[in-house]
Amino acid sequence: MRLKEVKIDSTNKLNLDIMELPSTCVIVISDGKAKLGELPAFAETNIVTHAGKVKRIKWNEGEEF
């Protein structure tokens, strides 16, 4: 799986060290959960929602010619 779960502490806060994150990434928060994913060099990333919650994340990668 491309996305990794990010811990939310007992006070409902995200604690992230930006020096440990990939240089380009996305953090998606939905329904009390947070996930982090590194962005590929060339791609479209679509976030699909349903009923106000993230349902799916689609990655459509390509390569420069």
# chains A, B, ... in the order shown; residues from 1 in each chain; ligands from 1
call {"tool": "residues_around", "arguments": {"residues": "A:Lys58", "least_positions_apart": "3", "cutoff": "7 Å", "atoms": "only C-alpha atoms", "output": "VMD selection string"}}
result
chain A and resid 45 to 47
call {"tool": "residues_around", "arguments": {"residues": "A:Glu5", "least_positions_apart": "5", "cutoff": "12 Å", "atoms": "only C-alpha atoms", "output": "list of chain:residue names"}}
result
A:Leu14, A:Val26, A:Ile27, A:Val28, A:Ile29, A:Ser30, A:Gly32, A:Lys33, A:Ala34, A:Lys35, A:Leu36, A:Gly37
call {"tool": "select_by_dssp", "arguments": {"residues": "chain A", "states": "strand (DSSP E)", "output": "MDAnalysis selection string"}}
result
chainID A and resid 4:6 25:30 33:38 43:50 53:61
call {"tool": "residues_around", "arguments": {"residues": "A:Asp17", "least_positions_apart": "4", "cutoff": "12 Å", "atoms": "only C-alpha atoms", "output": "PyMOL selection string"}}
result
chain A and resi 6+21-22
call {"tool": "write_last_selection", "arguments": {"atoms": "all heavy atoms", "output": "PDB file, in the first residue's frame"}}
result
ATOM      1  N   VAL A   6      -0.650   7.698   9.821  1.00  0.00           N
ATOM      2  CA  VAL A   6       0.024   8.655  10.685  1.00  0.00           C
ATOM      3  C   VAL A   6      -0.697   8.625  12.027  1.00  0.00           C
ATOM      4  O   VAL A   6      -1.930   8.676  12.076  1.00  0.00           O
ATOM      5  CB  VAL A   6      -0.026  10.082  10.086  1.00  0.00           C
ATOM      6  CG1 VAL A   6       0.619  11.081  11.012  1.00  0.00           C
ATOM      7  CG2 VAL A   6       0.640  10.111   8.720  1.00  0.00           C
ATOM      8  N   LEU A  21       9.938  13.719   6.729  1.00  0.00           N
ATOM      9  CA  LEU A  21       8.962  13.512   5.657  1.00  0.00           C
ATOM     10  C   LEU A  21       9.657  13.490   4.297  1.00  0.00           C
ATOM     11  O   LEU A  21      10.707  14.115   4.125  1.00  0.00           O
ATOM     12  CB  LEU A  21       7.920  14.632   5.664  1.00  0.00           C
ATOM     13  CG  LEU A  21       7.010  14.718   6.878  1.00  0.00           C
ATOM     14  CD1 LEU A  21       6.099  15.937   6.758  1.00  0.00           C
ATOM     15  CD2 LEU A  21       6.194  13.458   7.034  1.00  0.00           C
ATOM     16  N   PRO A  22       9.061  12.811   3.310  1.00  0.00           N
ATOM     17  CA  PRO A  22       9.591  12.886   1.943  1.00  0.00           C
ATOM     18  C   PRO A  22       9.529  14.333   1.446  1.00  0.00           C
ATOM     19  O   PRO A  22       8.731  15.141   1.935  1.00  0.00           O
ATOM     20  CB  PRO A  22       8.633  12.001   1.144  1.00  0.00           C
ATOM     21  CG  PRO A  22       7.926  11.164   2.138  1.00  0.00           C
ATOM     22  CD  PRO A  22       7.906  11.926   3.416  1.00  0.00           C
TER      23      PRO A  22
END
call {"tool": "atom_distance", "arguments": {"atom1": "atom CA of A:Ile57", "atom2": "atom CA of A:Ala41"}}
result
16.8 Å
